[in-house]
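The file data.cif contains mmCIF, C-alpha atoms and all ligand atoms:
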data_target
#
loop_
_atom_site.label_atom_id
_atom_site.label_comp_id
_atom_site.auth_asym_id
_atom_site.auth_seq_id
_atom_site.Cartn_x
_atom_site.Cartn_y
_atom_site.Cartn_z
CA MET J 16 19.05 7.85 -1.46
CA LEU J 17 20.23 5.43 -4.14
CA ASN J 18 22.83 7.04 -6.38
CA GLN J 19 23.27 6.41 -10.10
CA ASP J 20 26.11 3.97 -9.39
CA GLY J 21 23.97 1.95 -6.96
CA THR J 22 25.65 3.20 -3.78
CA GLU J 23 23.51 4.61 -1.01
CA SER J 24 23.73 8.01 0.56
CA ILE J 25 21.42 9.12 3.33
CA ILE J 26 19.84 12.53 2.99
CA ASN J 27 17.94 14.16 5.79
CA VAL J 28 16.59 17.62 6.28
CA SER J 29 19.76 18.93 7.87
CA GLU J 30 21.90 18.13 4.84
CA VAL J 31 22.66 20.18 1.77
CA VAL J 32 19.78 20.38 -0.68
CA THR J 33 20.71 18.46 -3.84
CA SER J 34 17.87 19.08 -6.25
CA PRO J 35 14.67 21.08 -6.54
CA PHE J 36 12.60 17.92 -6.08
CA GLN J 37 14.54 16.85 -3.00
CA SER J 38 14.15 20.37 -1.72
CA PHE J 39 10.41 20.20 -2.39
CA LEU J 40 10.09 16.97 -0.36
CA GLN J 41 12.07 18.57 2.47
CA GLU J 42 9.78 21.58 2.37
CA LEU J 43 6.72 19.31 2.66
CA TYR J 44 8.39 17.36 5.45
CA LEU J 45 9.12 20.50 7.48
CA LYS J 46 5.70 21.98 6.78
CA TYR J 47 3.76 18.93 7.98
CA LYS J 48 6.09 17.68 10.72
CA PRO J 49 4.37 19.90 13.35
CA LEU J 50 0.96 18.42 12.43
CA CYS J 51 0.33 16.14 15.40
CA HIS J 52 -3.41 15.47 15.09
CA GLY J 53 -4.79 11.99 14.94
CA VAL J 54 -4.51 8.77 16.88
CA LEU J 55 -2.59 5.52 16.62
CA ALA J 56 -4.60 2.48 15.57
CA SER J 57 -5.37 0.74 18.84
CA TYR J 58 -7.62 -2.17 17.90
CA ILE J 59 -4.42 -4.09 17.16
CA PRO J 60 -2.77 -3.71 20.58
CA GLU J 61 0.81 -3.98 19.27
CA LEU J 62 0.34 -0.91 17.02
CA THR J 63 -0.06 1.35 20.05
CA LYS J 64 3.65 0.87 20.80
CA VAL J 65 4.73 2.80 17.69
CA ASN J 66 6.40 6.21 18.03
CA PRO J 67 3.69 8.66 16.82
CA ASP J 68 6.28 11.26 15.68
CA LEU J 69 7.72 9.13 12.90
CA PHE J 70 7.39 10.72 9.47
CA SER J 71 8.91 10.02 6.08
CA ILE J 72 8.27 10.72 2.41
CA CYS J 73 9.90 8.87 -0.48
CA ALA J 74 9.46 9.11 -4.25
CA VAL J 75 10.98 6.69 -6.76
CA THR J 76 10.73 7.39 -10.49
CA VAL J 77 10.26 4.69 -13.10
CA ASP J 78 13.85 5.31 -14.22
CA GLY J 79 15.12 4.59 -10.72
CA GLN J 80 15.75 8.03 -9.20
CA VAL J 81 15.14 8.03 -5.45
CA HIS J 82 14.25 11.08 -3.35
CA GLU J 83 13.51 10.65 0.32
CA VAL J 84 13.30 12.53 3.56
CA GLY J 85 12.68 11.81 7.24
CA ASP J 86 12.59 8.40 8.92
CA TYR J 87 12.58 6.42 5.71
CA HIS J 88 14.62 3.54 7.14
CA GLN J 89 12.12 3.00 9.97
CA LEU J 90 10.37 -0.36 9.70
CA PHE J 91 6.63 -0.69 10.29
CA THR J 92 4.00 -3.29 9.38
CA ILE J 93 2.51 -2.92 5.93
CA GLN J 94 -1.09 -3.70 7.03
CA SER J 95 -3.75 -3.08 4.39
CA ILE J 96 -1.30 -1.88 1.78
CA SER J 97 -0.47 -5.57 1.34
CA LYS J 98 -3.97 -6.13 -0.09
CA VAL J 99 -3.02 -4.46 -3.37
CA PHE J 100 -0.13 -6.80 -4.05
CA VAL J 101 -1.86 -10.03 -3.03
CA TYR J 102 -4.76 -9.04 -5.30
CA GLY J 103 -2.31 -8.67 -8.20
CA MET J 104 -0.79 -12.05 -7.41
CA MET J 105 -4.24 -13.69 -7.45
CA LEU J 106 -5.13 -12.07 -10.78
CA GLU J 107 -1.99 -13.65 -12.17
CA GLU J 108 -2.69 -17.04 -10.58
CA HIS J 109 -6.37 -17.38 -11.39
CA GLY J 110 -7.14 -14.82 -14.08
CA ARG J 111 -9.47 -11.83 -13.93
CA ASP J 112 -12.75 -13.71 -14.54
CA TYR J 113 -12.28 -16.25 -11.77
CA VAL J 114 -11.15 -13.67 -9.21
CA LEU J 115 -14.21 -11.58 -10.08
CA THR J 116 -16.45 -14.49 -9.08
CA LYS J 117 -14.91 -14.41 -5.60
CA VAL J 118 -14.36 -10.67 -4.95
CA GLY J 119 -16.16 -7.69 -6.49
CA VAL J 120 -14.77 -4.29 -7.45
CA GLU J 121 -17.39 -1.96 -5.92
CA PRO J 122 -16.58 0.63 -3.27
CA THR J 123 -18.56 -0.07 -0.11
CA GLY J 124 -19.04 3.30 1.55
CA ASP J 125 -18.75 1.24 4.73
CA ASP J 126 -15.89 0.71 7.14
CA PHE J 127 -12.99 -1.43 5.97
CA ASN J 128 -13.82 -4.05 8.59
CA SER J 129 -17.58 -4.20 8.00
CA ILE J 130 -19.10 -7.64 8.08
CA ILE J 131 -21.03 -7.25 4.84
CA LEU J 132 -21.22 -9.13 1.57
CA ASP J 133 -22.98 -8.25 -1.67
CA GLU J 134 -26.60 -9.38 -1.15
CA SER J 135 -27.07 -11.15 -4.47
CA SER J 136 -23.61 -12.50 -5.32
CA LYS J 137 -22.46 -13.08 -1.71
CA ARG J 138 -19.07 -11.74 -2.74
CA PRO J 139 -17.18 -9.28 -0.58
CA TYR J 140 -17.44 -5.87 -2.22
CA ASN J 141 -13.82 -5.34 -3.20
CA PRO J 142 -10.31 -6.62 -2.41
CA MET J 143 -9.28 -3.49 -0.46
CA VAL J 144 -11.66 -4.11 2.47
CA ASN J 145 -10.86 -6.85 4.97
CA ALA J 146 -13.49 -9.35 3.81
CA GLY J 147 -12.33 -9.02 0.21
CA ALA J 148 -8.70 -9.29 1.19
CA ILE J 149 -9.28 -12.44 3.25
CA ALA J 150 -11.13 -13.97 0.29
CA THR J 151 -8.28 -12.97 -2.02
CA THR J 152 -5.61 -14.36 0.28
CA SER J 153 -7.55 -17.63 0.61
CA LEU J 154 -6.96 -18.16 -3.12
CA ILE J 155 -3.15 -18.29 -2.86
CA LYS J 156 -2.04 -21.59 -4.34
CA GLY J 157 0.30 -24.01 -2.59
CA SER J 158 0.48 -27.49 -1.15
CA GLY J 159 0.24 -26.24 2.44
CA PRO J 160 0.59 -23.13 4.62
CA THR J 161 4.39 -22.96 4.32
CA GLU J 162 4.38 -23.09 0.54
CA ARG J 163 1.59 -20.53 0.35
CA LEU J 164 3.45 -18.20 2.71
CA ASN J 165 6.72 -18.61 0.83
CA ARG J 166 5.08 -17.88 -2.50
CA MET J 167 3.52 -14.74 -1.04
CA LEU J 168 6.84 -13.63 0.47
CA ASP J 169 8.55 -14.16 -2.85
CA MET J 170 5.99 -11.96 -4.57
CA PHE J 171 6.64 -9.16 -2.07
CA ARG J 172 10.40 -9.66 -2.50
CA ARG J 173 10.06 -8.97 -6.23
CA TYR J 174 8.30 -5.67 -5.57
CA ILE J 175 10.65 -4.55 -2.82
CA GLY J 176 13.94 -5.90 -4.17
CA HIS J 177 15.04 -7.69 -0.98
CA GLU J 178 13.85 -10.30 1.50
CA ILE J 179 10.88 -9.36 3.65
CA PHE J 180 10.09 -10.54 7.19
CA ILE J 181 7.08 -10.82 9.47
CA ASP J 182 6.78 -8.88 12.73
CA ILE J 183 5.84 -11.80 14.96
CA SER J 184 4.49 -9.62 17.79
CA VAL J 185 2.09 -7.81 15.47
CA PHE J 186 1.11 -11.09 13.83
CA MET J 187 0.29 -12.65 17.21
CA SER J 188 -1.51 -9.49 18.30
CA GLU J 189 -3.76 -9.62 15.23
CA ARG J 190 -4.18 -13.35 15.42
CA THR J 191 -5.41 -13.26 19.01
CA THR J 192 -7.63 -10.18 18.73
CA GLY J 193 -8.89 -10.33 15.13
CA HIS J 194 -12.38 -11.58 15.97
CA ARG J 195 -14.10 -9.42 13.35
CA ASN J 196 -11.85 -10.84 10.65
CA ARG J 197 -12.65 -14.34 11.90
CA ALA J 198 -16.38 -13.56 11.80
CA MET J 199 -16.05 -12.34 8.19
CA ALA J 200 -14.16 -15.45 7.18
CA HIS J 201 -16.82 -17.70 8.69
CA LEU J 202 -19.58 -15.74 7.00
CA MET J 203 -17.82 -16.14 3.65
CA ARG J 204 -17.34 -19.83 4.36
CA ASN J 205 -21.07 -20.09 5.02
CA PHE J 206 -21.75 -18.76 1.52
CA GLY J 207 -19.07 -20.91 -0.08
CA MET J 208 -16.90 -17.92 -1.00
CA ILE J 209 -13.85 -19.38 0.74
CA ASP J 210 -12.98 -23.03 1.32
CA GLU J 211 -12.77 -24.95 4.59
CA LYS J 212 -9.19 -23.89 5.40
CA ILE J 213 -10.50 -20.84 7.25
CA ASP J 214 -7.84 -20.64 9.96
CA GLU J 215 -5.07 -21.13 7.44
CA ALA J 216 -6.42 -18.30 5.27
CA LEU J 217 -6.71 -16.04 8.31
CA ASP J 218 -3.18 -16.81 9.44
CA LEU J 219 -1.86 -15.99 5.99
CA TYR J 220 -3.89 -12.77 5.98
CA PHE J 221 -2.54 -11.76 9.42
CA GLN J 222 0.96 -12.61 8.22
CA GLN J 223 0.66 -10.45 5.10
CA CYS J 224 -0.55 -7.53 7.23
CA SER J 225 2.41 -8.00 9.60
CA LEU J 226 5.13 -7.78 6.96
CA LEU J 227 7.82 -5.26 7.80
CA VAL J 228 8.58 -2.49 5.30
CA ASN J 229 9.97 1.02 5.42
CA CYS J 230 8.91 4.10 3.51
CA HIS J 231 11.60 3.54 0.88
CA ASP J 232 10.18 0.05 0.27
CA LEU J 233 6.68 1.49 -0.15
CA ALA J 234 7.90 3.92 -2.80
CA VAL J 235 9.76 1.17 -4.70
CA MET J 236 6.60 -0.99 -4.60
CA ALA J 237 4.53 1.93 -5.86
CA ALA J 238 7.09 2.70 -8.56
CA THR J 239 6.95 -0.93 -9.67
CA LEU J 240 3.21 -0.57 -10.25
CA ALA J 241 3.87 2.74 -12.02
CA ASN J 242 6.47 1.01 -14.21
CA LYS J 243 4.33 -1.72 -15.83
CA GLY J 244 5.08 -4.13 -12.99
CA ILE J 245 8.88 -3.92 -13.32
CA ASN J 246 10.86 -2.96 -10.23
CA PRO J 247 12.77 0.15 -11.40
CA ILE J 248 15.75 -0.62 -9.17
CA THR J 249 16.25 -4.36 -9.80
CA GLN J 250 14.45 -4.53 -13.19
CA GLU J 251 12.64 -7.67 -12.01
CA GLN J 252 9.06 -8.17 -13.24
CA ALA J 253 6.96 -8.32 -10.06
CA VAL J 254 3.54 -8.71 -11.69
CA ALA J 255 2.38 -9.16 -15.28
CA SER J 256 1.83 -5.78 -16.93
CA CYS J 257 -1.63 -6.82 -18.20
CA TYR J 258 -2.97 -6.68 -14.61
CA ILE J 259 -1.71 -3.22 -13.74
CA LYS J 260 -4.92 -1.57 -14.92
CA ASP J 261 -7.03 -3.92 -12.77
CA ILE J 262 -4.93 -3.22 -9.68
CA LEU J 263 -4.82 0.55 -10.19
CA SER J 264 -8.56 0.78 -10.93
CA VAL J 265 -9.44 -0.86 -7.64
CA MET J 266 -6.91 1.28 -5.78
CA TYR J 267 -8.39 4.39 -7.36
CA THR J 268 -11.98 3.61 -6.34
CA CYS J 269 -11.47 1.72 -3.07
CA GLY J 270 -7.95 2.31 -1.76
CA MET J 271 -8.41 5.06 0.82
CA TYR J 272 -11.16 3.71 3.08
CA ASN J 273 -14.24 5.96 3.22
CA PHE J 274 -12.17 8.84 1.92
CA ALA J 275 -11.70 7.16 -1.48
CA GLY J 276 -14.12 9.49 -3.30
CA GLU J 277 -12.69 12.69 -1.85
CA TRP J 278 -9.17 11.40 -2.44
CA ALA J 279 -9.99 10.67 -6.10
CA TYR J 280 -11.46 14.16 -6.40
CA LYS J 281 -8.61 16.02 -4.71
CA VAL J 282 -5.49 13.92 -5.34
CA GLY J 283 -6.65 12.03 -8.42
CA LEU J 284 -4.22 9.11 -8.19
CA PRO J 285 -4.51 5.39 -7.36
CA ALA J 286 -3.42 4.83 -3.76
CA LYS J 287 -3.75 2.54 -0.76
CA SER J 288 -3.35 3.28 2.89
CA GLY J 289 -3.01 1.07 5.95
CA VAL J 290 -3.76 1.40 9.66
CA SER J 291 -0.08 1.54 10.57
CA GLY J 292 0.11 4.93 8.80
CA GLY J 293 1.57 4.10 5.40
CA ILE J 294 0.25 5.28 2.04
CA VAL J 295 1.38 4.18 -1.43
CA VAL J 296 0.53 6.41 -4.38
CA ILE J 297 1.03 5.58 -8.04
CA VAL J 298 1.61 8.12 -10.79
CA PRO J 299 1.27 5.77 -13.78
CA ASN J 300 4.35 5.64 -16.01
CA GLN J 301 6.01 8.34 -13.87
CA LEU J 302 6.73 7.54 -10.24
CA GLY J 303 5.72 5.84 -7.01
CA ILE J 304 5.32 7.68 -3.73
CA GLY J 305 5.45 6.29 -0.19
CA VAL J 306 4.50 8.28 2.89
CA PHE J 307 4.61 7.04 6.47
CA SER J 308 3.26 8.76 9.57
CA PRO J 309 1.30 6.66 12.09
CA LEU J 310 -1.23 9.17 13.45
CA LEU J 311 -4.55 8.47 11.73
CA ASP J 312 -7.67 10.51 11.04
CA GLU J 313 -11.20 9.28 11.77
CA ARG J 314 -11.29 7.33 8.48
CA GLY J 315 -8.05 5.49 9.24
CA ASN J 316 -5.74 7.40 6.88
CA SER J 317 -2.46 8.97 7.95
CA VAL J 318 -3.14 12.65 8.74
CA ARG J 319 0.23 13.90 7.50
CA GLY J 320 0.21 11.38 4.66
CA VAL J 321 -3.02 12.74 3.19
CA LYS J 322 -1.79 16.34 3.47
CA VAL J 323 1.53 15.56 1.80
CA CYS J 324 -0.16 13.73 -1.08
CA GLU J 325 -2.73 16.47 -1.62
CA GLU J 326 0.02 19.05 -1.90
CA LEU J 327 2.30 16.87 -4.02
CA SER J 328 -0.50 16.21 -6.48
CA GLN J 329 -1.60 19.80 -6.62
CA ARG J 330 1.82 21.44 -6.96
CA LEU J 331 3.23 18.90 -9.43
CA GLY J 332 -0.02 18.70 -11.41
CA LEU J 333 -0.34 14.96 -10.91
CA HIS J 334 -4.14 14.59 -10.84
CA LEU J 335 -4.92 12.10 -13.61
CA PHE J 336 -7.72 14.25 -14.99
CA ASP J 337 -6.03 17.62 -14.70
CA CYS J 338 -5.62 18.78 -18.28
CA SER J 339 -4.39 22.25 -17.35
CA ILE J 340 -0.93 20.94 -16.40
CA ASP J 341 1.00 18.35 -18.36
CA GLY J 342 1.49 15.80 -15.59
CA ALA J 343 3.05 13.40 -18.07
CA LYS J 344 6.05 15.68 -18.12
CA VAL J 345 6.75 15.33 -14.42
CA ILE J 346 9.45 12.73 -14.81
CA GLU J 347 11.20 14.77 -17.50
CA SER J 348 11.29 17.82 -15.28
CA LEU J 349 12.56 15.77 -12.32
CA SER J 350 15.26 14.29 -14.55
CA SER J 351 16.46 17.65 -15.78
CA HIS J 352 16.57 18.97 -12.22
CA THR J 353 18.39 16.04 -10.73
CA ARG J 354 20.94 14.88 -13.26
N1 LIG A 401 -4.53 -6.10 9.69
C1 LIG A 401 -5.54 -5.09 9.71
C2 LIG A 401 -6.91 -5.71 9.89
O1 LIG A 401 -7.15 -6.72 9.33
C3 LIG A 401 -5.43 -4.28 8.45
C4 LIG A 401 -6.35 -3.11 8.44
C5 LIG A 401 -5.90 -1.96 7.58
O2 LIG A 401 -4.72 -1.63 7.49
O3 LIG A 401 -6.80 -1.36 6.99
O4 LIG A 401 -7.75 -5.23 10.57
#
Please rewrite the model in this file as structure tokens.
Ligand code: GLU
Amino acid sequence: MLNQDGTESIINVSEVVTSPFQSFLQELYLKYKPLCHGVLASYIPELTKVNPDLFSICAVTVDGQVHEVGDYHQLFTIQSISKVFVYGMMLEEHGRDYVLTKVGVEPTGDDFNSIILDESSKRPYNPMVNAGAIATTSLIKGSGPTERLNRMLDMFRRYIGHEIFIDISVFMSERTTGHRNRAMAHLMRNFGMIDEKIDEALDLYFQQCSLLVNCHDLAVMAATLANKGINPITQEQAVASCYIKDILSVMYTCGMYNFAGEWAYKVGLPAKSGVSGGIVVIVPNQLGIGVFSPLLDERGNSVRGVKVCEELSQRLGLHLFDCSIDGAKVIESLSSHTR
């Protein structure tokens, strides 16, 4: 946990409870820790080596309070969660109208790795499925692969607040087995939706999916989106505030695989999950939440992660359309409890 003076103190479930919110996260952690359903993602061979018991929850408010529990220092690969941030970077680089000519904003109702494009426009449906993400990544500007990679890493650094590194084993694992992603890229090349640097775009896409983060990082990234694009810990602007609504809209409708509709109905918050078991959730102008637990349900979402978020949303009244509870007051109540 990051204290007011910037020093770090580690809190885990065995330590003294410091605030009602911290206590609430610990309660959720203990409640869902025994939930061991689900499977590890296995289509990327390296992901089967992960410890399935890992579990962490972290919340960071837009004024920089940090509450976290469990294995929140444990590194894992960011996978599809990266798609959100690269999409924001491309909106900044090319503008909304141009990006819309290359990638749509419609939910698919199909699997994240489906080899489908919109029949009439030939665009991938949205930037949260693999085809859309590969198309988005192919737009990153730079004079060559190194410059493109470095610009992408620098964007992630702004969100996270420190340097970020690639897990080379996972990268190689995806690179050598990602035949579906290659097929999608070639299909998009056929329709002129991506340029001829297909292998370079795929490498960059596999690299972005293989970036190492922990649950604390996820929550800081989410809080940055909740805080008009400004990292609440470092105060650095990670993305222009005018694109936050674009990013959050797509997360809301397409961020949780084929569970996106039910998630919107039950949790009511923009979110994105990834096959390594992470979920980022944004409570606009209030806080960012990160959850990590690698066992996945049949749709590819973290089993514990979904449960934790459903309960967090319901008990704190965070659903964006819930007018019976004043969710906008959440940060005030957390502040009065924790200061
Ligand atoms: N790297 C993974 C893939 O391209 C990401 C999938 C995900 O997290 O949804 O298949």
Exercise for review: For segment 256-265 of chain J, work out the shell of residues within 9 Å, counting only C-alpha atoms and skipping chain neighbours fewer than 3 positions away, then give it as a count of residues only.
Suggested key: 29
Review point. Do you know which residues are at most 9 Å from segment 71-81 of chain J counting only C-alpha atoms, after dropping those on the same chain fewer than 4 positions away, and could you put them as a count of residues only?
Key: 43
**Study point:** Of the listed residues J:Gly193, J:Gly157, J:Gly292, J:Pro139, that which approaches Pro60 of chain J most closely, counting all atoms listed in the file
**Key:**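 Of J:Gly193, J:Gly157, J:Gly292, J:Pro139, the one nearest Pro60 of chain J is J:Gly193, counting all atoms listed in the file.
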Practice item. Quick one: pull the distance between atom CA of Arg197 of chain J and atom O1 of ligand LIG 401 (chain A), Å, one decimal. Key: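 Separation between atom CA of Arg197 of chain J and atom O1 of ligand LIG 401 (chain A): 9.7 Å.
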Check your understanding: In file coordinates, which residues lie within 10 Å of (11.5, -6.7, 1.7) using only C-alpha atoms, given as a VMD selection string?
Key -> chain J and resid 168 to 181 226 to 229 232 to 233 236
Using only C-alpha atoms and all ligand atoms, find each residue in chain J having at least one atom no more than 8 Å away from ligand LIG 401 (chain A); report its shortest atom-to-atom pair and that distance in Å (one decimal), rows by chain then rising number, as a Markdown table.
| residue | atom | partner | partner_atom | distance |
| --- | --- | --- | --- | --- |
| J:Tyr58 | CA | A:LIG401 | O4 | 7.9 |
| J:Ile59 | CA | A:LIG401 | O4 | 7.5 |
| J:Ile93 | CA | A:LIG401 | O2 | 7.5 |
| J:Gln94 | CA | A:LIG401 | O2 | 4.2 |
| J:Ser95 | CA | A:LIG401 | O2 | 3.6 |
| J:Ile96 | CA | A:LIG401 | O2 | 6.7 |
| J:Phe127 | CA | A:LIG401 | O3 | 6.3 |
| J:Asn128 | CA | A:LIG401 | O4 | 6.5 |
| J:Val144 | CA | A:LIG401 | O3 | 7.2 |
| J:Asn145 | CA | A:LIG401 | O1 | 5.7 |
| J:Glu189 | CA | A:LIG401 | N1 | 6.6 |
| J:Gly193 | CA | A:LIG401 | O4 | 6.9 |
| J:Asn196 | CA | A:LIG401 | O1 | 6.4 |
| J:Tyr220 | CA | A:LIG401 | O1 | 7.6 |
| J:Phe221 | CA | A:LIG401 | N1 | 6.0 |
| J:Cys224 | CA | A:LIG401 | N1 | 4.9 |
| J:Ser225 | CA | A:LIG401 | N1 | 7.2 |
| J:Tyr272 | CA | A:LIG401 | O3 | 7.7 |
| J:Ser288 | CA | A:LIG401 | O2 | 6.9 |
| J:Gly289 | CA | A:LIG401 | O2 | 3.5 |
| J:Val290 | CA | A:LIG401 | O2 | 3.8 |
| J:Ser291 | CA | A:LIG401 | O2 | 6.4 |
| J:Gly315 | CA | A:LIG401 | O3 | 7.3 |
With 5 Å on each side, where is the centre of the axis-aligned box around all listed atoms of segment 173-176 of chain J, and how long are its edges in Å to one decimal, as AutoDock Vina command-line options?
--center_x 11.1 --center_y -6.8 --center_z -4.5 --size_x 15.6 --size_y 14.4 --size_z 13.4
Practice item. Go through J:Val298, J:Val321, J:Leu311, J:Ile155 and flag the residue nearest Lys281 of chain J, using all atoms listed in the file for the distances. Key: J:Val321
Check your understanding: Taking into account only C-alpha atoms, which residue in the set J:Asn205, J:Ser184, J:Thr123, J:Ser129 is nearest to Lys64 of chain J?
Key ->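 Nearest candidate to Lys64 of chain J out of J:Asn205, J:Ser184, J:Thr123, J:Ser129: J:Ser184.
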Review point. Can you list, as a PyMOL selection string, every protein, DNA or RNA residue that comes within 7 Å of Ala216 of chain J when you count all atoms listed in the file, leaving out same-chain residues fewer than 4 positions away?
Key: chain J and resi 149+152-153+212+220
Check your understanding: In Å, with one decimal, what is the gap from atom CA of Thr161 of chain J to atom CA of Gly147 of chain J?
Key -> 22.2 Å
Practice item. Provide the atom CA of Ala275 of chain J to atom CA of Ile130 of chain J distance in Å, to one decimal place. Key: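 Separating atom CA of Ala275 of chain J from atom CA of Ile130 of chain J is a distance of 19.1 Å.
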Practice item. Using only C-alpha atoms, pick whichever of J:Val65, J:Ala279, J:Leu132, J:Leu164 has the shortest atom-to-atom distance to Met208 of chain J. Key: J:Leu132
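Considering all atoms listed in the file, the residue among J:Gln222, J:Lys137, J:Thr192, J:Gly124 positioned nearest to Thr92 of chain J is J:Gln222.
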Exercise for review: Using only C-alpha atoms, determine which residues lie at most 10 Å from Gly53 of chain J, disregarding the query and same-chain residues fewer than 3 positions distant; provide the list as a list in words.
Suggested key: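 Close residues of Gly53 of chain J: Leu50, Ala56, Pro67, Pro309, Leu310, Leu311, Asp312, Glu313, Gly315, Asn316, Ser317, Val318 and Arg319 of chain J.
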Check your understanding: Which residue, J:Asp218, J:Leu62, J:Leu69, J:Ser135, has the smallest gap to Pro49 of chain J when you use only C-alpha atoms?
Key -> J:Leu69
Review point. Within 12 Å of Ser136 of chain J, counting all atoms listed in the file, which residues qualify if same-chain residues fewer than 2 places away don't, as a VMD selection string?
Key: chain J and resid 115 to 119 131 to 134 138 to 140 203 206 to 208
